[in-house]
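Structure file entry00.cif; described as mmCIF, C-alpha atoms.
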data_model
loop_
_atom_site.label_atom_id
_atom_site.label_comp_id
_atom_site.auth_asym_id
_atom_site.auth_seq_id
_atom_site.Cartn_x
_atom_site.Cartn_y
_atom_site.Cartn_z
CA MET A 50 -11.49 19.49 -15.53
CA ASN A 51 -9.90 16.98 -13.20
CA LYS A 52 -6.89 15.12 -14.48
CA LYS A 53 -7.50 11.49 -15.38
CA ARG A 54 -5.81 9.05 -13.06
CA ILE A 55 -3.38 6.34 -14.22
CA ALA A 56 -2.31 3.55 -11.84
CA ILE A 57 1.02 2.02 -12.86
CA ASP A 58 2.51 -1.27 -11.70
CA MET A 59 6.24 -1.61 -10.93
CA ASP A 60 7.57 -5.14 -11.47
CA ASP A 61 8.04 -5.98 -15.17
CA VAL A 62 6.40 -2.67 -16.11
CA MET A 63 8.82 -0.10 -14.66
CA THR A 64 11.41 -2.38 -13.04
CA ASP A 65 13.24 -5.29 -14.64
CA ALA A 66 12.36 -8.02 -12.14
CA ILE A 67 13.00 -10.68 -14.80
CA GLY A 68 16.58 -9.40 -15.07
CA ARG A 69 17.04 -10.01 -11.34
CA PHE A 70 15.81 -13.63 -11.71
CA ILE A 71 18.38 -14.15 -14.49
CA GLU A 72 21.14 -12.59 -12.39
CA LEU A 73 20.40 -14.65 -9.25
CA TYR A 74 20.03 -17.85 -11.27
CA GLN A 75 23.43 -17.24 -12.86
CA GLN A 76 24.93 -16.74 -9.40
CA GLU A 77 23.39 -19.89 -7.94
CA PHE A 78 23.73 -22.33 -10.86
CA GLN A 79 26.34 -20.70 -13.14
CA GLU A 80 23.86 -21.08 -15.98
CA ASP A 81 22.24 -18.62 -18.31
CA LEU A 82 18.48 -18.06 -17.93
CA SER A 83 18.11 -15.37 -20.60
CA ASP A 84 15.46 -17.46 -22.33
CA LEU A 85 13.12 -16.14 -19.65
CA ARG A 86 12.91 -13.01 -21.80
CA LEU A 87 11.46 -14.85 -24.81
CA PRO A 88 7.75 -14.34 -25.54
CA GLY A 89 5.61 -16.96 -23.81
CA ARG A 90 8.23 -17.85 -21.25
CA ASN A 91 7.74 -17.91 -17.49
CA LEU A 92 9.54 -19.62 -14.63
CA THR A 93 7.47 -22.82 -14.93
CA ASN A 94 8.24 -23.47 -18.61
CA THR A 95 11.88 -22.31 -18.47
CA VAL A 96 13.47 -23.49 -15.23
CA PRO A 97 14.15 -27.24 -14.67
CA PRO A 98 11.29 -28.55 -12.52
CA GLU A 99 13.54 -29.63 -9.66
CA ARG A 100 14.79 -26.05 -9.29
CA LEU A 101 11.43 -24.31 -9.66
CA GLU A 102 10.44 -24.04 -6.00
CA ALA A 103 13.83 -22.58 -5.07
CA ILE A 104 13.66 -19.96 -7.85
CA LYS A 105 10.15 -18.93 -6.83
CA GLN A 106 11.58 -18.02 -3.44
CA TYR A 107 13.96 -15.43 -4.92
CA PRO A 108 11.53 -12.50 -4.45
CA HIS A 109 11.36 -13.37 -0.74
CA GLN A 110 15.10 -12.69 -0.36
CA PRO A 111 15.90 -9.36 1.32
CA ASN A 112 17.72 -7.88 -1.69
CA PHE A 113 15.64 -9.10 -4.60
CA PHE A 114 13.97 -5.72 -5.21
CA LYS A 115 17.01 -3.58 -4.43
CA ASP A 116 18.17 -1.29 -7.26
CA LEU A 117 16.30 -3.09 -10.02
CA GLU A 118 17.06 -1.73 -13.49
CA PRO A 119 14.37 0.58 -14.87
CA ILE A 120 12.68 -0.74 -18.00
CA ALA A 121 13.70 1.26 -21.07
CA GLY A 122 11.73 4.47 -21.42
CA SER A 123 9.71 4.02 -18.22
CA LEU A 124 11.22 6.88 -16.22
CA GLU A 125 11.04 9.42 -19.04
CA VAL A 126 7.48 8.53 -20.05
CA VAL A 127 6.14 8.47 -16.47
CA GLU A 128 7.61 11.95 -16.00
CA GLN A 129 5.82 13.13 -19.15
CA LEU A 130 2.55 11.50 -18.11
CA HIS A 131 2.86 13.20 -14.73
CA GLN A 132 2.40 16.58 -16.45
CA ARG A 133 -1.02 15.68 -17.84
CA TYR A 134 -2.34 12.91 -15.61
CA GLU A 135 -2.60 12.04 -11.94
CA ILE A 136 -0.11 9.18 -11.48
CA PHE A 137 -0.34 6.51 -8.78
CA ILE A 138 2.21 3.75 -8.44
CA THR A 139 0.31 0.60 -7.45
CA THR A 140 2.50 -2.35 -6.65
CA ALA A 141 1.94 -5.71 -4.96
CA ALA A 142 4.54 -5.16 -2.24
CA LEU A 143 2.59 -7.01 0.44
CA GLU A 144 3.23 -10.38 -1.17
CA PHE A 145 6.96 -9.98 -0.47
CA GLU A 146 7.65 -8.61 2.97
CA HIS A 147 11.19 -7.48 2.16
CA SER A 148 10.08 -5.46 -0.83
CA PHE A 149 8.60 -2.46 1.04
CA THR A 150 11.78 -0.50 1.63
CA PRO A 151 13.62 -1.29 -1.65
CA LYS A 152 10.50 -0.41 -3.63
CA TYR A 153 10.05 2.81 -1.71
CA ASN A 154 13.73 3.71 -2.20
CA TRP A 155 13.55 2.91 -5.92
CA LEU A 156 10.67 5.33 -6.34
CA LYS A 157 12.38 8.03 -4.28
CA LYS A 158 15.52 7.71 -6.39
CA HIS A 159 14.08 7.35 -9.88
CA LEU A 160 10.74 9.19 -9.67
CA PRO A 161 11.26 11.87 -7.01
CA PHE A 162 8.20 13.79 -8.18
CA ILE A 163 5.97 10.89 -7.03
CA THR A 164 5.31 11.67 -3.36
CA TRP A 165 4.25 9.20 -0.66
CA LYS A 166 0.65 10.26 -1.25
CA ASN A 167 0.67 8.65 -4.70
CA ILE A 168 2.32 5.34 -3.82
CA VAL A 169 0.16 2.31 -3.06
CA PHE A 170 1.51 -1.00 -1.78
CA CYS A 171 -1.30 -3.47 -2.15
CA GLY A 172 -2.22 -7.07 -2.81
CA ASP A 173 -5.52 -7.51 -4.61
CA LYS A 174 -5.69 -4.60 -7.06
CA SER A 175 -9.47 -4.59 -7.20
CA ILE A 176 -9.13 -2.06 -4.36
CA ILE A 177 -7.68 0.51 -6.80
CA ARG A 178 -9.91 3.34 -8.02
CA ALA A 179 -8.40 4.88 -11.14
CA ASP A 180 -9.27 5.55 -14.77
CA TYR A 181 -6.47 3.35 -16.14
CA LEU A 182 -4.34 0.51 -14.79
CA LEU A 183 -1.10 -0.33 -16.64
CA ASP A 184 -0.03 -3.79 -15.49
CA ASP A 185 1.60 -6.96 -16.80
CA LEU A 186 -0.66 -9.38 -14.93
CA ASP A 187 -3.98 -10.59 -16.22
CA ARG A 188 -5.18 -11.28 -12.66
CA ASN A 189 -4.76 -7.61 -11.75
CA LEU A 190 -6.51 -6.27 -14.84
CA LYS A 191 -9.38 -8.74 -14.55
CA THR A 192 -10.97 -7.18 -11.45
CA PHE A 193 -10.10 -3.58 -12.30
CA THR A 194 -13.15 -1.40 -12.97
CA GLY A 195 -11.45 1.22 -15.18
CA THR A 196 -9.59 0.70 -18.46
CA GLY A 197 -7.05 -2.10 -18.07
CA LEU A 198 -3.91 -1.86 -20.22
CA LEU A 199 -1.68 -4.91 -20.57
CA PHE A 200 2.02 -4.06 -20.61
CA THR A 201 3.76 -6.74 -22.64
CA ALA A 202 6.01 -9.14 -20.74
CA PRO A 203 7.20 -12.64 -21.72
CA HIS A 204 4.75 -14.30 -19.32
CA ASN A 205 1.70 -12.54 -20.80
CA ALA A 206 2.44 -13.13 -24.50
CA HIS A 207 -0.68 -15.28 -24.91
CA VAL A 208 -3.08 -13.12 -22.91
CA THR A 209 -5.88 -11.55 -24.95
CA GLY A 210 -8.85 -9.34 -24.18
CA TYR A 211 -7.02 -6.16 -23.18
CA THR A 212 -5.49 -3.25 -25.01
CA ARG A 213 -1.84 -4.28 -25.21
CA LEU A 214 1.03 -1.79 -25.00
CA ASN A 215 4.33 -3.40 -26.02
CA ASN A 216 6.77 -0.88 -24.59
CA TRP A 217 6.96 2.60 -23.10
CA GLN A 218 6.97 4.27 -26.53
CA GLU A 219 3.53 2.74 -27.06
CA VAL A 220 2.44 3.89 -23.58
CA ALA A 221 3.48 7.44 -24.52
CA ALA A 222 1.64 7.22 -27.84
CA TYR A 223 -1.52 5.93 -26.12
CA PHE A 224 -1.72 8.67 -23.50
CA LEU A 225 0.01 11.63 -25.10
CA HIS A 226 -1.23 11.53 -28.69
CA MET B 65 -24.52 -11.54 -4.10
CA ASN B 66 -21.04 -10.14 -3.64
CA LYS B 67 -20.03 -9.17 -0.16
CA LYS B 68 -19.86 -5.44 0.50
CA ARG B 69 -16.36 -4.16 1.00
CA ILE B 70 -15.23 -2.25 4.11
CA ALA B 71 -11.87 -0.43 4.13
CA ILE B 72 -10.56 0.09 7.67
CA ASP B 73 -7.81 2.43 8.82
CA MET B 74 -5.25 1.38 11.46
CA ASP B 75 -3.88 4.32 13.48
CA ASP B 76 -6.36 5.61 16.07
CA VAL B 77 -9.01 3.24 14.69
CA MET B 78 -7.51 -0.19 15.36
CA THR B 79 -4.17 0.79 16.96
CA ASP B 80 -3.63 3.17 19.86
CA ALA B 81 -1.13 5.55 18.24
CA ILE B 82 -2.09 8.27 20.74
CA GLY B 83 -0.98 5.95 23.55
CA ARG B 84 2.46 5.71 21.93
CA PHE B 85 2.74 9.52 21.80
CA ILE B 86 1.93 9.67 25.53
CA GLU B 87 4.47 6.94 26.31
CA LEU B 88 7.32 8.52 24.30
CA TYR B 89 6.55 11.98 25.71
CA GLN B 90 6.73 10.58 29.26
CA GLN B 91 10.10 9.01 28.43
CA GLU B 92 11.54 12.18 26.94
CA PHE B 93 10.16 14.85 29.29
CA GLN B 94 9.05 12.89 32.38
CA GLU B 95 5.67 14.57 32.03
CA ASP B 96 2.17 13.23 31.61
CA LEU B 97 0.48 13.88 28.25
CA SER B 98 -2.75 11.97 28.95
CA ASP B 99 -4.76 15.11 28.16
CA LEU B 100 -4.15 14.16 24.52
CA ARG B 101 -7.03 11.71 25.01
CA LEU B 102 -9.58 14.44 25.84
CA PRO B 103 -12.14 15.30 23.17
CA GLY B 104 -10.92 18.13 20.94
CA ARG B 105 -7.29 17.64 21.77
CA ASN B 106 -4.47 17.20 19.28
CA LEU B 107 -0.71 17.69 19.45
CA THR B 108 -0.90 21.37 18.52
CA ASN B 109 -3.29 22.37 21.30
CA THR B 110 -1.80 20.10 23.97
CA VAL B 111 1.99 20.09 23.66
CA PRO B 112 4.00 23.24 24.58
CA PRO B 113 4.76 25.01 21.29
CA GLU B 114 8.55 24.77 21.72
CA ARG B 115 8.28 20.98 21.85
CA LEU B 116 5.77 20.52 19.03
CA GLU B 117 8.17 19.97 16.15
CA ALA B 118 10.08 17.32 18.11
CA ILE B 119 6.90 15.43 19.04
CA LYS B 120 5.68 15.49 15.46
CA GLN B 121 8.82 13.54 14.53
CA TYR B 122 7.93 10.62 16.82
CA PRO B 123 6.17 8.61 14.08
CA HIS B 124 9.34 8.83 12.00
CA GLN B 125 11.26 6.90 14.68
CA PRO B 126 11.92 3.24 13.79
CA ASN B 127 9.90 1.81 16.70
CA PHE B 128 6.92 4.15 16.87
CA PHE B 129 4.51 1.66 15.24
CA LYS B 130 5.93 -1.46 16.88
CA ASP B 131 3.46 -3.48 18.98
CA LEU B 132 0.88 -0.71 19.36
CA GLU B 133 -1.99 -1.59 21.66
CA PRO B 134 -5.19 -2.62 19.86
CA ILE B 135 -8.11 -0.26 20.48
CA ALA B 136 -10.75 -1.91 22.66
CA GLY B 137 -13.05 -4.18 20.69
CA SER B 138 -11.30 -3.68 17.35
CA LEU B 139 -9.89 -7.18 16.92
CA GLU B 140 -13.08 -8.98 17.91
CA VAL B 141 -15.34 -6.80 15.77
CA VAL B 142 -13.08 -6.95 12.69
CA GLU B 143 -13.13 -10.72 12.97
CA GLN B 144 -16.95 -10.69 13.10
CA LEU B 145 -17.15 -8.27 10.16
CA HIS B 146 -14.81 -10.56 8.21
CA GLN B 147 -17.56 -13.23 8.19
CA ARG B 148 -20.05 -11.03 6.37
CA TYR B 149 -17.99 -8.41 4.54
CA GLU B 150 -14.87 -8.19 2.44
CA ILE B 151 -12.35 -6.44 4.71
CA PHE B 152 -9.41 -4.36 3.48
CA ILE B 153 -6.97 -2.69 5.84
CA THR B 154 -6.05 0.67 4.31
CA THR B 155 -3.38 2.54 6.17
CA ALA B 156 -1.18 5.54 5.37
CA ALA B 157 2.12 3.69 5.85
CA LEU B 158 3.92 5.56 3.11
CA GLU B 159 4.07 8.78 5.12
CA PHE B 160 6.32 7.07 7.67
CA GLU B 161 8.98 4.94 6.05
CA HIS B 162 9.68 2.88 9.17
CA SER B 163 6.05 1.92 9.60
CA PHE B 164 5.87 -0.72 6.83
CA THR B 165 7.26 -3.68 8.70
CA PRO B 166 5.75 -3.00 12.16
CA LYS B 167 2.33 -2.43 10.60
CA TYR B 168 2.62 -5.61 8.59
CA ASN B 169 3.72 -7.55 11.67
CA TRP B 170 0.90 -6.10 13.75
CA LEU B 171 -1.66 -7.32 11.23
CA LYS B 172 -0.03 -10.75 10.96
CA LYS B 173 -0.10 -11.09 14.76
CA HIS B 174 -3.51 -9.67 15.60
CA LEU B 175 -5.58 -10.33 12.48
CA PRO B 176 -4.05 -13.46 10.92
CA PHE B 177 -7.14 -14.03 8.77
CA ILE B 178 -6.34 -10.83 6.83
CA THR B 179 -3.97 -11.97 4.09
CA TRP B 180 -1.48 -9.81 2.15
CA LYS B 181 -4.06 -9.51 -0.61
CA ASN B 182 -6.31 -7.41 1.62
CA ILE B 183 -3.71 -5.03 3.05
CA VAL B 184 -3.14 -1.65 1.44
CA PHE B 185 -0.38 0.74 2.39
CA CYS B 186 -1.23 4.01 0.77
CA GLY B 187 -1.05 7.77 1.04
CA ASP B 188 -3.95 9.61 -0.54
CA LYS B 189 -6.97 7.39 0.18
CA SER B 190 -8.93 8.66 -2.80
CA ILE B 191 -7.30 5.69 -4.57
CA ILE B 192 -9.43 3.27 -2.48
CA ARG B 193 -12.42 1.60 -4.10
CA ALA B 194 -14.71 0.23 -1.43
CA ASP B 195 -18.29 0.54 -0.21
CA TYR B 196 -17.31 1.90 3.22
CA LEU B 197 -14.26 3.59 4.70
CA LEU B 198 -13.88 3.64 8.49
CA ASP B 199 -11.28 6.29 9.34
CA ASP B 200 -10.50 8.92 11.96
CA LEU B 201 -9.29 11.57 9.52
CA ASP B 202 -11.56 14.01 7.77
CA ARG B 203 -9.04 14.42 4.94
CA ASN B 204 -9.32 10.70 4.11
CA LEU B 205 -13.09 10.59 4.18
CA LYS B 206 -13.45 13.78 2.14
CA THR B 207 -12.23 12.30 -1.15
CA PHE B 208 -13.69 8.83 -0.62
CA THR B 209 -16.44 7.93 -3.11
CA GLY B 210 -18.28 5.36 -0.97
CA THR B 211 -19.85 5.81 2.48
CA GLY B 212 -17.38 7.49 4.81
CA LEU B 213 -17.64 6.61 8.51
CA LEU B 214 -15.84 8.77 11.05
CA PHE B 215 -14.33 6.78 13.92
CA THR B 216 -14.24 9.05 16.94
CA ALA B 217 -10.83 10.21 18.13
CA PRO B 218 -9.89 13.23 20.26
CA HIS B 219 -8.59 15.14 17.22
CA ASN B 220 -11.86 14.78 15.28
CA ALA B 221 -14.30 15.76 18.06
CA HIS B 222 -15.45 18.84 16.13
CA VAL B 223 -15.71 17.27 12.69
CA THR B 224 -19.24 17.08 11.30
CA GLY B 225 -20.79 15.88 8.07
CA TYR B 226 -20.12 12.14 8.43
CA THR B 227 -21.82 9.26 10.16
CA ARG B 228 -19.88 9.05 13.40
CA LEU B 229 -19.11 5.77 15.18
CA ASN B 230 -17.79 6.36 18.69
CA ASN B 231 -16.26 2.97 19.43
CA TRP B 232 -16.12 -0.59 18.11
CA GLN B 233 -19.43 -1.52 19.74
CA GLU B 234 -21.03 1.12 17.54
CA VAL B 235 -19.14 -0.21 14.51
CA ALA B 236 -20.56 -3.68 15.23
CA ALA B 237 -24.07 -2.28 15.64
CA TYR B 238 -23.79 -0.35 12.36
CA PHE B 239 -22.66 -3.28 10.23
CA LEU B 240 -24.10 -6.31 12.01
CA HIS B 241 -27.57 -5.16 13.04
#

Please express the file's structure as structure tokens.
Amino acid sequence: MNKKRIAIDMDDVMTDAIGRFIELYQQEFQEDLSDLRLPGRNLTNTVPPERLEAIKQYPHQPNFFKDLEPIAGSLEVVEQLHQRYEIFITTAALEFEHSFTPKYNWLKKHLPFITWKNIVFCGDKSIIRADYLLDDLDRNLKTFTGTGLLFTAPHNAHVTGYTRLNNWQEVAAYFLH
Amino acid sequence: MNKKRIAIDMDDVMTDAIGRFIELYQQEFQEDLSDLRLPGRNLTNTVPPERLEAIKQYPHQPNFFKDLEPIAGSLEVVEQLHQRYEIFITTAALEFEHSFTPKYNWLKKHLPFITWKNIVFCGDKSIIRADYLLDDLDRNLKTFTGTGLLFTAPHNAHVTGYTRLNNWQEVAAYFLH
């Protein structure tokens, strides 16, 4: 029997992109933005409106995606899943031109068993053919034709209609029970 | 009715990667490698064996993919197809780390109507969900679940089992009849 295929997003699923926003905000304004981690929060309802456009440009900076912290449990669980499933990393790198190389290097460093064949840098994820898609964004799951799994992040706290997995322990339980 | 979706490869379909091999070979050895354009030819049966490994490294050089020549008719026909179909560019950028940015820039320059949402840098193309895949490589078409279309290139002259389109005029005739 062929292995089932799981497509896994990077930002806010495997990599702590929110942490990078907090770090860069602290550097620029000497203010704490940790509230961005609270359920229901996103840039729009957390950052002062006059700063919003500037903050939204952070991911366009050359180093935004460099050496992001892995989200707790992600590396270990992806390695376990890799034994029983076909894993593809499917990430929206094309939106941020400078993200190609840091994202590629992150994967090479943290998940060396994922070869270039199983990495996909895309935009609209409706192009992805897989059995499962684990992603934090409603807009990606909406057009996916397989089973969409919503990985909990502050900005998706109010999203309904998908199987929700709150952390990597729950991802492991879902796939490896 | 939803538009049908066509996934289109870049190298040796829209961009003249073979031309770059010929150019770099001329620079390195002061010898003509134009025979690489003859039907049935590939690097292995055209380059002297003692040089083969070196030539195969060319696409790993930082500038290999920079400003490749468009293949005749490709830009015009893709623009026409874009009116009636949903176009995704699906290219194996992940095999060659330095190809991300030049490939992205090529698309921005030559096909500005293709946004980041419709660009896919991938490895194994079995991840692509589309109605058609236009590609020069047998190995990409083999695992594709839609209609695979073989775009003629010297290295695929002997491949059978797919609908073959010999040039962009034939691509236009196939899709726009």

_If we count only C-alpha atoms and set the cut-off at 9 Å, which residues sit around His124 (chain B), ignoring sequence neighbours fewer than 2 positions away in its own chain? Please answer as an MDAnalysis selection string._
chainID B and resid 120:122 126:128 159:163

*Nearest residue to chain A from the set B:Ile135, B:Ala156, B:Val184, B:Leu197 (distances using all atoms listed in the file)*: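 Of B:Ile135, B:Ala156, B:Val184, B:Leu197, the one nearest chain A is B:Val184, counting all atoms listed in the file.
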
*When you get a sec, could you note down which chain A residues fall within 10 Å of chain B, using only C-alpha atoms, as a PyMOL selection string?*
chain A and resi 54+56+137-150+153-154+164-179+193-194

Please produce an output containing C-alpha atoms for each residue in the selection, written as a short mmCIF file (atom, residue, chain, number, x, y, z; two decimals), keeping the file's coordinate frame.
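Result went into selection_12.cif, see below:
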data_model
loop_
_atom_site.label_atom_id
_atom_site.label_comp_id
_atom_site.auth_asym_id
_atom_site.auth_seq_id
_atom_site.Cartn_x
_atom_site.Cartn_y
_atom_site.Cartn_z
CA ARG A 54 -5.81 9.05 -13.06
CA ALA A 56 -2.31 3.55 -11.84
CA PHE A 137 -0.34 6.51 -8.78
CA ILE A 138 2.21 3.75 -8.44
CA THR A 139 0.31 0.60 -7.45
CA THR A 140 2.50 -2.35 -6.65
CA ALA A 141 1.94 -5.71 -4.96
CA ALA A 142 4.54 -5.16 -2.24
CA LEU A 143 2.59 -7.01 0.44
CA GLU A 144 3.23 -10.38 -1.17
CA PHE A 145 6.96 -9.98 -0.47
CA GLU A 146 7.65 -8.61 2.97
CA HIS A 147 11.19 -7.48 2.16
CA SER A 148 10.08 -5.46 -0.83
CA PHE A 149 8.60 -2.46 1.04
CA THR A 150 11.78 -0.50 1.63
CA TYR A 153 10.05 2.81 -1.71
CA ASN A 154 13.73 3.71 -2.20
CA THR A 164 5.31 11.67 -3.36
CA TRP A 165 4.25 9.20 -0.66
CA LYS A 166 0.65 10.26 -1.25
CA ASN A 167 0.67 8.65 -4.70
CA ILE A 168 2.32 5.34 -3.82
CA VAL A 169 0.16 2.31 -3.06
CA PHE A 170 1.51 -1.00 -1.78
CA CYS A 171 -1.30 -3.47 -2.15
CA GLY A 172 -2.22 -7.07 -2.81
CA ASP A 173 -5.52 -7.51 -4.61
CA LYS A 174 -5.69 -4.60 -7.06
CA SER A 175 -9.47 -4.59 -7.20
CA ILE A 176 -9.13 -2.06 -4.36
CA ILE A 177 -7.68 0.51 -6.80
CA ARG A 178 -9.91 3.34 -8.02
CA ALA A 179 -8.40 4.88 -11.14
CA PHE A 193 -10.10 -3.58 -12.30
CA THR A 194 -13.15 -1.40 -12.97
#

*Expand the PyMOL selection byres ((chain A and resi 208) around 10) into the individual residues it matches in the shown file, reporting them as a VMD selection string.*
chain A and resid 89 185 to 187 199 201 204 to 207 209 to 211 213

*Expansion of the PyMOL selection byres ((chain A and resi 223) around 12) into residues, as a list in words*: Val126, Leu130, Tyr181, Leu183, Leu198, Phe200, Thr212, Arg213, Leu214, Asn215, Asn216, Trp217, Gln218, Glu219, Val220, Ala221, Ala222, Phe224, Leu225 and His226 of chain A

*To one decimal place, how far is CA of Glu92 (chain B) from CA of Thr110 (chain B) in Å?*
15.8 Å

*Could you list the residues chosen by the PyMOL selection byres ((chain B and resi 75-82) around 6) in this structure as a PyMOL selection string?*
chain B and resi 74+83-85+132-135+138

*Could you state the separation of CA of Glu72 (chain A) and CA of Arg188 (chain A) in Å, given to one decimal place?*
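Taking CA of Glu72 (chain A) as the start and CA of Arg188 (chain A) as the end point, the length is 26.4 Å.
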
*When you draw a straight line from CA of Asp96 (chain B) to CA of Ala217 (chain B), how long is it in Å?*
19.0 Å

To box region 113-121 of chain B, take all atoms listed in the file, fit an axis-aligned box, add 8 Å on each side, and give centre and edge lengths in Å to one decimal, as lines of an AutoDock Vina configuration file.
center_x = 7.4
center_y = 19.3
center_z = 18.2
size_x = 21.3
size_y = 27.5
size_z = 23.3

*Which of A:Ile163, A:Leu85, A:Leu101, A:Ile71 sits closest to Val127 (chain A) [using only C-alpha atoms]*: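 Closest candidate: A:Ile163.
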
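Nearest residue to Pro108 (chain A), choosing from A:Lys191, A:Lys52, A:Leu160, A:Leu73 and counting all atoms listed in the file: A:Leu73.
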